[in-house]
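Reviewing the structure listed below.
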Amino acid sequence: LLNPVQVVDLSKMSPEALAECFKTVPNLRVIVCGGDGTVGWILTVLEKVFPPGTMPPVAIVPLGTGNDLARVLRWGSGDADADDLPHLISEIQHASIETLDRWKVSIRRQLPRGLGRLSRTTSFLMNNYFSVGIDAQMALNFHTTRNEYPELLKSQLINKVYYALLGAKDTLFDKLKRAVRQECVLGTNVQVELDGRALALPDGFEALLISNIRSYVGGVDLWGDDAERPSLKDDGRFEAVAILSTMEVGARVVGLLGSGTAFKLGQGSNLRVRLLKALPIQIDGEPTMLSAGSEITIAFGSRVRMLAKRLVRESESESEADSEYD
(Lines give C-alpha, C1' and ligand atoms only; values in the text may rest on other atoms or scores of the structure.)
Protein backbone atom coordinates (compact mmCIF):
# COMPACT_ATOMS: atom_id res chain seq x y z
CA LEU A 1 0.00 0.00 0.00
CA LEU A 2 2.81 2.39 0.92
CA ASN A 3 6.54 2.32 0.24
CA PRO A 4 8.49 1.57 3.46
CA VAL A 5 10.33 4.87 3.06
CA GLN A 6 6.98 6.63 3.51
CA VAL A 7 6.31 5.04 6.91
CA VAL A 8 7.98 5.89 10.21
CA ASP A 9 7.67 4.06 13.53
CA LEU A 10 7.52 6.94 16.02
CA SER A 11 9.09 4.76 18.71
CA LYS A 12 12.20 4.32 16.56
CA MET A 13 12.54 7.46 14.45
CA SER A 14 11.94 11.15 14.88
CA PRO A 15 9.02 12.52 12.83
CA GLU A 16 11.05 15.71 12.24
CA ALA A 17 13.53 13.77 10.10
CA LEU A 18 10.80 12.32 7.89
CA ALA A 19 9.08 15.69 7.55
CA GLU A 20 12.35 17.29 6.42
CA CYS A 21 12.79 14.60 3.76
CA PHE A 22 9.35 15.22 2.27
CA LYS A 23 9.21 18.99 2.77
CA THR A 24 9.50 19.77 -0.94
CA VAL A 25 7.23 16.98 -2.24
CA PRO A 26 4.16 18.46 -3.98
CA ASN A 27 0.60 17.41 -3.08
CA LEU A 28 1.84 15.70 0.08
CA ARG A 29 -0.68 14.14 2.48
CA VAL A 30 0.23 12.91 5.95
CA ILE A 31 -1.44 9.97 7.73
CA VAL A 32 -1.13 9.79 11.52
CA CYS A 33 -1.91 6.43 13.14
CA GLY A 34 -2.57 6.97 16.83
CA GLY A 35 -4.66 8.73 19.43
CA ASP A 36 -5.34 12.42 20.03
CA GLY A 37 -2.00 12.94 21.78
CA THR A 38 -0.04 11.54 18.84
CA VAL A 39 -2.03 13.66 16.38
CA GLY A 40 -1.28 16.82 18.38
CA TRP A 41 2.42 15.95 18.53
CA ILE A 42 2.68 15.46 14.76
CA LEU A 43 0.75 18.65 13.99
CA THR A 44 3.20 20.60 16.15
CA VAL A 45 6.16 18.98 14.36
CA LEU A 46 4.73 19.76 10.94
CA GLU A 47 4.07 23.39 11.85
CA LYS A 48 7.73 23.74 12.89
CA VAL A 49 9.19 22.05 9.81
CA PHE A 50 7.01 23.47 7.02
CA PRO A 51 7.01 27.20 6.16
CA PRO A 52 3.73 29.04 6.81
CA GLY A 53 1.04 28.12 4.30
CA THR A 54 2.84 25.00 3.03
CA MET A 55 2.02 22.45 5.73
CA PRO A 56 0.38 19.34 4.21
CA PRO A 57 -3.11 18.27 5.28
CA VAL A 58 -3.29 15.46 7.85
CA ALA A 59 -5.52 12.38 8.00
CA ILE A 60 -6.03 10.23 11.09
CA VAL A 61 -6.20 6.46 11.53
CA PRO A 62 -7.64 6.38 15.10
CA LEU A 63 -5.81 4.02 17.47
CA GLY A 64 -6.37 5.74 20.82
CA THR A 65 -9.08 5.55 23.48
CA GLY A 66 -11.17 8.66 22.83
CA ASN A 67 -10.17 9.51 19.24
CA ASP A 68 -12.21 12.70 19.45
CA LEU A 69 -10.57 14.58 16.59
CA ALA A 70 -10.83 11.53 14.32
CA ARG A 71 -14.54 11.35 15.13
CA VAL A 72 -15.32 14.91 14.06
CA LEU A 73 -13.31 14.38 10.87
CA ARG A 74 -15.41 11.25 10.23
CA TRP A 75 -12.57 8.71 10.40
CA GLY A 76 -14.43 6.72 13.03
CA SER A 77 -13.91 5.75 16.65
CA GLY A 78 -10.98 3.38 16.22
CA ASP A 79 -12.58 0.16 15.06
CA ALA A 80 -10.84 -0.10 11.68
CA ASP A 81 -9.83 -3.59 10.54
CA ALA A 82 -6.55 -4.42 8.80
CA ASP A 83 -8.54 -5.83 5.88
CA ASP A 84 -10.05 -2.38 5.34
CA LEU A 85 -6.67 -0.67 4.82
CA PRO A 86 -6.79 -0.56 1.00
CA HIS A 87 -10.22 1.07 1.18
CA LEU A 88 -9.02 3.43 3.90
CA ILE A 89 -6.01 4.55 1.83
CA SER A 90 -8.36 5.22 -1.08
CA GLU A 91 -10.64 7.31 1.17
CA ILE A 92 -7.66 9.34 2.40
CA GLN A 93 -6.53 9.91 -1.18
CA HIS A 94 -9.95 11.36 -2.01
CA ALA A 95 -10.60 13.06 1.33
CA SER A 96 -11.77 16.64 1.57
CA ILE A 97 -9.64 19.34 3.20
CA GLU A 98 -11.03 21.10 6.27
CA THR A 99 -9.37 23.54 8.65
CA LEU A 100 -8.85 23.23 12.39
CA ASP A 101 -8.10 25.92 14.95
CA ARG A 102 -5.32 25.20 17.43
CA TRP A 103 -5.30 27.07 20.73
CA LYS A 104 -2.29 28.14 22.78
CA VAL A 105 -2.69 27.17 26.43
CA SER A 106 -0.24 28.98 28.71
CA ILE A 107 0.11 27.83 32.32
CA ARG A 108 1.82 29.98 34.91
CA ARG A 109 2.60 27.82 37.91
CA GLN A 110 3.41 29.10 41.37
CA LEU A 111 6.60 27.56 42.71
CA PRO A 112 7.54 27.89 46.40
CA ARG A 113 11.06 29.08 47.13
CA GLY A 114 12.11 29.92 50.67
CA LEU A 115 9.80 32.57 52.08
CA GLY A 116 8.81 33.87 48.66
CA ARG A 117 7.24 32.39 45.52
CA LEU A 118 8.41 32.11 41.95
CA SER A 119 6.38 31.42 38.83
CA ARG A 120 7.14 29.39 35.72
CA THR A 121 5.19 29.56 32.47
CA THR A 122 4.82 26.67 30.03
CA SER A 123 2.76 26.59 26.84
CA PHE A 124 0.92 23.85 24.96
CA LEU A 125 -1.23 23.67 21.84
CA MET A 126 -4.78 22.38 22.24
CA ASN A 127 -6.75 20.78 19.42
CA ASN A 128 -9.77 19.34 21.21
CA TYR A 129 -10.48 20.60 24.72
CA PHE A 130 -9.22 21.86 28.06
CA SER A 131 -10.87 21.24 31.40
CA VAL A 132 -10.40 21.79 35.10
CA GLY A 133 -12.22 19.96 37.89
CA ILE A 134 -13.53 16.47 38.60
CA ASP A 135 -13.42 15.29 34.98
CA ALA A 136 -9.70 16.12 34.94
CA GLN A 137 -9.39 14.15 38.19
CA MET A 138 -11.06 11.22 36.42
CA ALA A 139 -8.50 11.51 33.61
CA LEU A 140 -5.66 11.72 36.14
CA ASN A 141 -6.93 8.60 37.96
CA PHE A 142 -7.25 6.77 34.64
CA HIS A 143 -3.73 7.65 33.53
CA THR A 144 -2.30 6.68 36.91
CA THR A 145 -4.02 3.29 36.77
CA ARG A 146 -3.01 2.69 33.16
CA ASN A 147 0.63 3.47 33.97
CA GLU A 148 0.56 1.11 36.95
CA TYR A 149 -1.35 -1.71 35.21
CA PRO A 150 -0.82 -1.27 31.44
CA GLU A 151 -1.78 -4.87 30.73
CA LEU A 152 -5.30 -4.29 32.10
CA LEU A 153 -6.16 -1.23 30.02
CA LYS A 154 -5.19 -2.16 26.47
CA SER A 155 -8.70 -2.47 25.05
CA GLN A 156 -10.60 0.65 23.91
CA LEU A 157 -13.86 -0.77 25.27
CA ILE A 158 -12.35 -1.64 28.66
CA ASN A 159 -10.79 1.82 28.83
CA LYS A 160 -14.17 3.49 28.19
CA VAL A 161 -16.00 1.32 30.74
CA TYR A 162 -13.34 2.01 33.36
CA TYR A 163 -13.49 5.74 32.60
CA ALA A 164 -17.27 5.65 32.99
CA LEU A 165 -16.95 3.90 36.35
CA LEU A 166 -14.66 6.68 37.54
CA GLY A 167 -17.57 9.06 36.98
CA ALA A 168 -20.18 6.71 38.39
CA LYS A 169 -18.34 5.96 41.61
CA ASP A 170 -18.80 9.56 42.79
CA THR A 171 -22.55 9.06 42.72
CA LEU A 172 -22.79 5.45 43.86
CA PHE A 173 -20.63 5.87 46.96
CA ASP A 174 -21.62 8.93 48.95
CA LYS A 175 -18.64 8.94 51.27
CA LEU A 176 -16.22 8.71 48.40
CA LYS A 177 -18.11 11.39 46.52
CA ARG A 178 -17.88 13.80 49.43
CA ALA A 179 -14.16 13.13 49.75
CA VAL A 180 -13.50 13.63 46.04
CA ARG A 181 -15.69 16.69 45.76
CA GLN A 182 -13.95 18.35 48.69
CA GLU A 183 -10.76 18.09 46.65
CA CYS A 184 -12.08 18.91 43.18
CA VAL A 185 -15.41 20.76 43.25
CA LEU A 186 -14.91 24.19 41.71
CA GLY A 187 -17.44 26.54 43.28
CA THR A 188 -15.48 29.54 44.54
CA ASN A 189 -12.13 27.83 43.94
CA VAL A 190 -11.66 29.29 40.46
CA GLN A 191 -11.94 32.71 38.88
CA VAL A 192 -12.78 32.72 35.18
CA GLU A 193 -12.70 35.52 32.59
CA LEU A 194 -14.03 35.04 29.06
CA ASP A 195 -12.98 37.73 26.58
CA GLY A 196 -12.19 40.03 29.49
CA ARG A 197 -15.52 39.50 31.29
CA ALA A 198 -15.84 37.68 34.59
CA LEU A 199 -18.04 34.61 34.16
CA ALA A 200 -20.94 33.93 36.51
CA LEU A 201 -20.50 30.23 37.27
CA PRO A 202 -23.44 27.98 38.25
CA ASP A 203 -23.73 26.55 41.75
CA GLY A 204 -22.57 23.01 42.33
CA PHE A 205 -20.78 22.52 39.02
CA GLU A 206 -17.97 19.98 39.00
CA ALA A 207 -15.87 20.91 35.98
CA LEU A 208 -15.19 23.70 33.50
CA LEU A 209 -14.73 22.59 29.89
CA ILE A 210 -13.31 24.64 27.02
CA SER A 211 -14.05 22.81 23.78
CA ASN A 212 -12.82 23.36 20.23
CA ILE A 213 -14.63 20.40 18.67
CA ARG A 214 -17.95 18.63 19.17
CA SER A 215 -16.51 15.47 20.68
CA TYR A 216 -15.37 14.99 24.27
CA VAL A 217 -13.93 11.89 26.03
CA GLY A 218 -14.90 9.55 23.22
CA GLY A 219 -17.76 11.16 21.33
CA VAL A 220 -19.79 13.12 23.90
CA ASP A 221 -21.23 16.34 22.45
CA LEU A 222 -21.90 18.67 25.39
CA TRP A 223 -22.70 21.78 23.31
CA GLY A 224 -25.28 20.19 21.03
CA ASP A 225 -27.01 21.78 18.06
CA ASP A 226 -27.36 25.53 18.40
CA ALA A 227 -28.51 27.50 15.37
CA GLU A 228 -27.70 30.87 16.97
CA ARG A 229 -24.32 29.83 18.40
CA PRO A 230 -23.03 26.91 16.33
CA SER A 231 -19.93 25.06 17.47
CA LEU A 232 -17.35 25.07 14.66
CA LYS A 233 -13.78 23.85 14.72
CA ASP A 234 -12.39 26.68 12.59
CA ASP A 235 -14.28 29.87 13.47
CA GLY A 236 -11.71 31.39 15.85
CA ARG A 237 -13.94 30.69 18.85
CA PHE A 238 -14.18 27.98 21.49
CA GLU A 239 -17.15 26.91 23.61
CA ALA A 240 -17.17 27.15 27.41
CA VAL A 241 -19.49 24.85 29.35
CA ALA A 242 -19.96 23.84 32.97
CA ILE A 243 -20.28 20.13 33.73
CA LEU A 244 -22.78 19.52 36.51
CA SER A 245 -22.48 15.74 36.90
CA THR A 246 -19.57 13.36 36.31
CA MET A 247 -22.08 10.49 36.59
CA GLU A 248 -23.84 11.82 33.49
CA VAL A 249 -20.56 12.20 31.61
CA GLY A 250 -19.59 8.63 32.51
CA ALA A 251 -22.95 7.34 31.26
CA ARG A 252 -22.55 9.21 27.99
CA VAL A 253 -19.06 7.77 27.45
CA VAL A 254 -20.42 4.22 27.30
CA GLY A 255 -23.55 5.23 25.38
CA LEU A 256 -26.12 4.90 28.16
CA LEU A 257 -27.28 8.46 27.46
CA GLY A 258 -27.40 10.51 24.29
CA SER A 259 -25.22 13.52 23.56
CA GLY A 260 -27.39 16.21 25.16
CA THR A 261 -26.02 19.48 26.45
CA ALA A 262 -24.29 20.94 29.49
CA PHE A 263 -24.67 24.39 31.05
CA LYS A 264 -23.48 26.74 28.31
CA LEU A 265 -21.33 29.60 29.58
CA GLY A 266 -20.64 31.14 26.18
CA GLN A 267 -18.23 31.34 23.26
CA GLY A 268 -15.04 33.33 23.04
CA SER A 269 -11.47 33.60 21.84
CA ASN A 270 -9.63 34.45 25.06
CA LEU A 271 -9.89 32.80 28.47
CA ARG A 272 -8.17 33.33 31.79
CA VAL A 273 -8.57 30.94 34.73
CA ARG A 274 -7.03 31.48 38.17
CA LEU A 275 -6.94 28.59 40.62
CA LEU A 276 -7.55 29.53 44.25
CA LYS A 277 -6.63 26.00 45.40
CA ALA A 278 -4.76 23.03 43.95
CA LEU A 279 -6.87 21.45 41.19
CA PRO A 280 -6.39 18.97 38.33
CA ILE A 281 -6.54 20.07 34.69
CA GLN A 282 -6.34 18.25 31.37
CA ILE A 283 -5.41 19.29 27.83
CA ASP A 284 -6.65 16.94 25.11
CA GLY A 285 -6.89 14.13 27.65
CA GLU A 286 -3.41 14.67 29.16
CA PRO A 287 -3.93 15.47 32.88
CA THR A 288 -1.81 17.10 35.57
CA MET A 289 -2.26 18.72 38.98
CA LEU A 290 -1.70 22.46 39.40
CA SER A 291 -0.98 24.28 42.63
CA ALA A 292 -3.03 27.09 44.14
CA GLY A 293 -2.32 30.44 42.51
CA SER A 294 -1.68 28.96 39.06
CA GLU A 295 -3.11 30.84 36.09
CA ILE A 296 -4.18 29.43 32.73
CA THR A 297 -4.73 31.52 29.62
CA ILE A 298 -6.11 30.28 26.30
CA ALA A 299 -5.74 32.26 23.07
CA PHE A 300 -5.73 31.52 19.35
CA GLY A 301 -2.60 29.69 18.26
CA SER A 302 -2.78 28.66 14.61
CA ARG A 303 -4.97 27.09 11.96
CA VAL A 304 -4.02 23.86 10.18
CA ARG A 305 -5.42 21.80 7.32
CA MET A 306 -6.89 18.41 8.10
CA LEU A 307 -8.25 15.64 5.89
CA ALA A 308 -11.87 14.64 6.49
CA LYS A 309 -13.62 11.57 5.17
CA ARG A 310 -16.03 12.55 2.44
CA LEU A 311 -19.73 12.29 3.10
CA VAL A 312 -21.84 10.21 0.73
CA ARG A 313 -23.41 13.32 -0.73
CA GLU A 314 -19.95 14.59 -1.66
CA SER A 315 -19.30 11.63 -3.98
CA GLU A 316 -20.31 13.66 -7.02
CA SER A 317 -17.34 15.99 -6.49
CA GLU A 318 -14.75 13.23 -6.02
CA SER A 319 -13.69 13.43 -9.65
CA GLU A 320 -12.55 17.01 -9.04
CA ALA A 321 -10.36 15.87 -6.17
CA ASP A 322 -8.96 13.10 -8.37
CA SER A 323 -7.84 15.56 -11.03
CA GLU A 324 -6.20 17.79 -8.44
CA TYR A 325 -3.87 15.02 -7.28
CA ASP A 326 -3.24 13.27 -10.59
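Numbering starts fresh at 1 for the residues of each chain in the C-alpha coordinates, the chains themselves are lettered A, B, ... in the order given, and ligands are numbered from 1 as they appear.
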
I'd like the contact shell of Val58 (chain A) - 10 Å cut-off, only C-alpha atoms, skipping same-chain residues fewer than 4 positions apart - returned as a VMD selection string. chain A and resid 28 to 32 39 42 to 43 46 92 97 to 98 304 to 308

Okay, now the selection with all heavy atoms, as a CSV table (one decimal), in the first residue's frame?
```
chain,number,residue,atom,x,y,z
A,28,LEU,N,1.6,16.6,-1.0
A,28,LEU,CA,1.8,15.7,0.1
A,28,LEU,C,0.6,15.6,1.0
A,28,LEU,O,0.0,16.6,1.3
A,28,LEU,CB,3.1,16.2,0.9
A,28,LEU,CG,3.5,15.3,2.0
A,28,LEU,CD1,4.0,13.9,1.5
A,28,LEU,CD2,4.7,16.0,2.8
A,29,ARG,N,0.3,14.4,1.5
A,29,ARG,CA,-0.7,14.1,2.5
A,29,ARG,C,-0.1,13.3,3.6
A,29,ARG,O,0.7,12.3,3.3
A,29,ARG,CB,-1.9,13.5,1.9
A,29,ARG,CG,-2.7,14.4,0.9
A,29,ARG,CD,-4.0,13.8,0.5
A,29,ARG,NE,-4.8,14.8,-0.2
A,29,ARG,CZ,-6.1,14.8,-0.4
A,29,ARG,NH1,-6.8,13.8,0.0
A,29,ARG,NH2,-6.7,15.8,-1.0
A,30,VAL,N,-0.4,13.6,4.8
A,30,VAL,CA,0.2,12.9,6.0
A,30,VAL,C,-0.9,12.1,6.6
A,30,VAL,O,-2.0,12.6,6.9
A,30,VAL,CB,0.9,13.9,6.9
A,30,VAL,CG1,1.3,13.2,8.2
A,30,VAL,CG2,2.0,14.7,6.3
A,31,ILE,N,-0.5,10.9,7.0
A,31,ILE,CA,-1.4,10.0,7.7
A,31,ILE,C,-0.8,9.7,9.1
A,31,ILE,O,0.3,9.2,9.2
A,31,ILE,CB,-1.6,8.6,7.0
A,31,ILE,CG1,-2.1,8.9,5.6
A,31,ILE,CG2,-2.6,7.8,7.8
A,31,ILE,CD1,-2.2,7.6,4.7
A,32,VAL,N,-1.6,10.0,10.1
A,32,VAL,CA,-1.1,9.8,11.5
A,32,VAL,C,-1.9,8.6,12.1
A,32,VAL,O,-3.2,8.7,12.1
A,32,VAL,CB,-1.3,11.0,12.4
A,32,VAL,CG1,-0.9,10.7,13.8
A,32,VAL,CG2,-0.5,12.2,11.8
A,39,VAL,N,-1.6,12.7,17.4
A,39,VAL,CA,-2.0,13.7,16.4
A,39,VAL,C,-1.5,15.1,16.7
A,39,VAL,O,-1.0,15.8,15.9
A,39,VAL,CB,-3.5,13.7,16.2
A,39,VAL,CG1,-4.0,14.7,15.2
A,39,VAL,CG2,-4.0,12.3,15.7
A,42,ILE,N,2.3,15.4,16.2
A,42,ILE,CA,2.7,15.5,14.8
A,42,ILE,C,2.3,16.8,14.2
A,42,ILE,O,3.1,17.4,13.4
A,42,ILE,CB,2.1,14.3,14.0
A,42,ILE,CG1,2.6,13.0,14.5
A,42,ILE,CG2,2.4,14.4,12.5
A,42,ILE,CD1,4.1,12.8,14.5
A,43,LEU,N,1.1,17.3,14.5
A,43,LEU,CA,0.8,18.6,14.0
A,43,LEU,C,1.8,19.7,14.4
A,43,LEU,O,2.1,20.6,13.6
A,43,LEU,CB,-0.7,19.0,14.5
A,43,LEU,CG,-1.8,18.3,13.9
A,43,LEU,CD1,-3.1,18.7,14.5
A,43,LEU,CD2,-1.9,18.5,12.4
A,46,LEU,N,4.9,19.3,12.3
A,46,LEU,CA,4.7,19.8,10.9
A,46,LEU,C,4.7,21.3,10.9
A,46,LEU,O,5.3,21.9,9.9
A,46,LEU,CB,3.4,19.2,10.4
A,46,LEU,CG,3.4,17.7,10.1
A,46,LEU,CD1,2.0,17.2,9.7
A,46,LEU,CD2,4.5,17.2,9.2
A,92,ILE,N,-8.6,8.2,2.0
A,92,ILE,CA,-7.7,9.3,2.4
A,92,ILE,C,-7.2,10.1,1.1
A,92,ILE,O,-7.1,11.3,1.1
A,92,ILE,CB,-6.5,8.8,3.2
A,92,ILE,CG1,-6.9,8.3,4.6
A,92,ILE,CG2,-5.4,9.8,3.3
A,92,ILE,CD1,-5.9,7.6,5.4
A,97,ILE,N,-10.5,18.6,2.3
A,97,ILE,CA,-9.6,19.3,3.2
A,97,ILE,C,-10.5,20.3,4.0
A,97,ILE,O,-11.3,21.0,3.5
A,97,ILE,CB,-8.6,20.1,2.4
A,97,ILE,CG1,-7.6,19.2,1.7
A,97,ILE,CG2,-7.8,21.1,3.3
A,97,ILE,CD1,-6.6,19.9,0.8
A,98,GLU,N,-10.3,20.2,5.3
A,98,GLU,CA,-11.0,21.1,6.3
A,98,GLU,C,-10.0,21.7,7.2
A,98,GLU,O,-8.9,21.2,7.3
A,98,GLU,CB,-12.1,20.3,7.1
A,98,GLU,CG,-13.2,19.7,6.3
A,98,GLU,CD,-14.2,19.0,7.1
A,98,GLU,OE1,-14.2,19.1,8.3
A,98,GLU,OE2,-15.1,18.4,6.5
A,304,VAL,N,-4.7,24.9,11.0
A,304,VAL,CA,-4.0,23.9,10.2
A,304,VAL,C,-5.1,23.2,9.3
A,304,VAL,O,-6.3,23.3,9.5
A,304,VAL,CB,-3.3,22.8,11.0
A,304,VAL,CG1,-2.2,23.4,11.8
A,304,VAL,CG2,-4.3,22.1,12.0
A,305,ARG,N,-4.6,22.5,8.2
A,305,ARG,CA,-5.4,21.8,7.3
A,305,ARG,C,-5.5,20.3,7.7
A,305,ARG,O,-4.4,19.7,7.9
A,305,ARG,CB,-4.9,22.0,5.9
A,305,ARG,CG,-5.0,23.4,5.4
A,305,ARG,CD,-4.7,23.4,3.9
A,305,ARG,NE,-3.4,22.8,3.5
A,305,ARG,CZ,-3.1,22.4,2.3
A,305,ARG,NH1,-3.9,22.5,1.3
A,305,ARG,NH2,-1.9,21.9,2.1
A,306,MET,N,-6.7,19.8,7.8
A,306,MET,CA,-6.9,18.4,8.1
A,306,MET,C,-7.6,17.7,7.0
A,306,MET,O,-8.3,18.4,6.2
A,306,MET,CB,-7.7,18.3,9.4
A,306,MET,CG,-7.1,19.0,10.6
A,306,MET,SD,-5.5,18.3,11.1
A,306,MET,CE,-6.0,16.7,11.6
A,307,LEU,N,-7.5,16.4,6.9
A,307,LEU,CA,-8.3,15.6,5.9
A,307,LEU,C,-9.5,15.0,6.6
A,307,LEU,O,-9.3,14.4,7.6
A,307,LEU,CB,-7.4,14.6,5.3
A,307,LEU,CG,-6.3,15.1,4.4
A,307,LEU,CD1,-5.3,14.0,4.0
A,307,LEU,CD2,-6.8,15.7,3.1
A,308,ALA,N,-10.6,15.2,6.0
A,308,ALA,CA,-11.9,14.6,6.5
A,308,ALA,C,-12.4,13.6,5.5
A,308,ALA,O,-12.4,13.9,4.3
A,308,ALA,CB,-12.9,15.7,6.8
```

Which polymer residues have any atom within 9 Å of an atom of Ser119 (chain A), counting only C-alpha atoms, with same-chain residues fewer than 5 positions away left out, as a PyMOL selection string? chain A and resi 108-112+294

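Between Ala139 (chain A) and the residues A:Pro230, A:Gly224, A:Pro280, A:Gly293, the shortest atom-to-atom distance, using only C-alpha atoms, involves A:Pro280.
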
Residues near Ser231 (chain A), cut-off 10 Å, only C-alpha atoms, skip fewer than 4 positions along chain, as number ranges by chain: A: 211-214, 223-227, 235, 237-239, 267
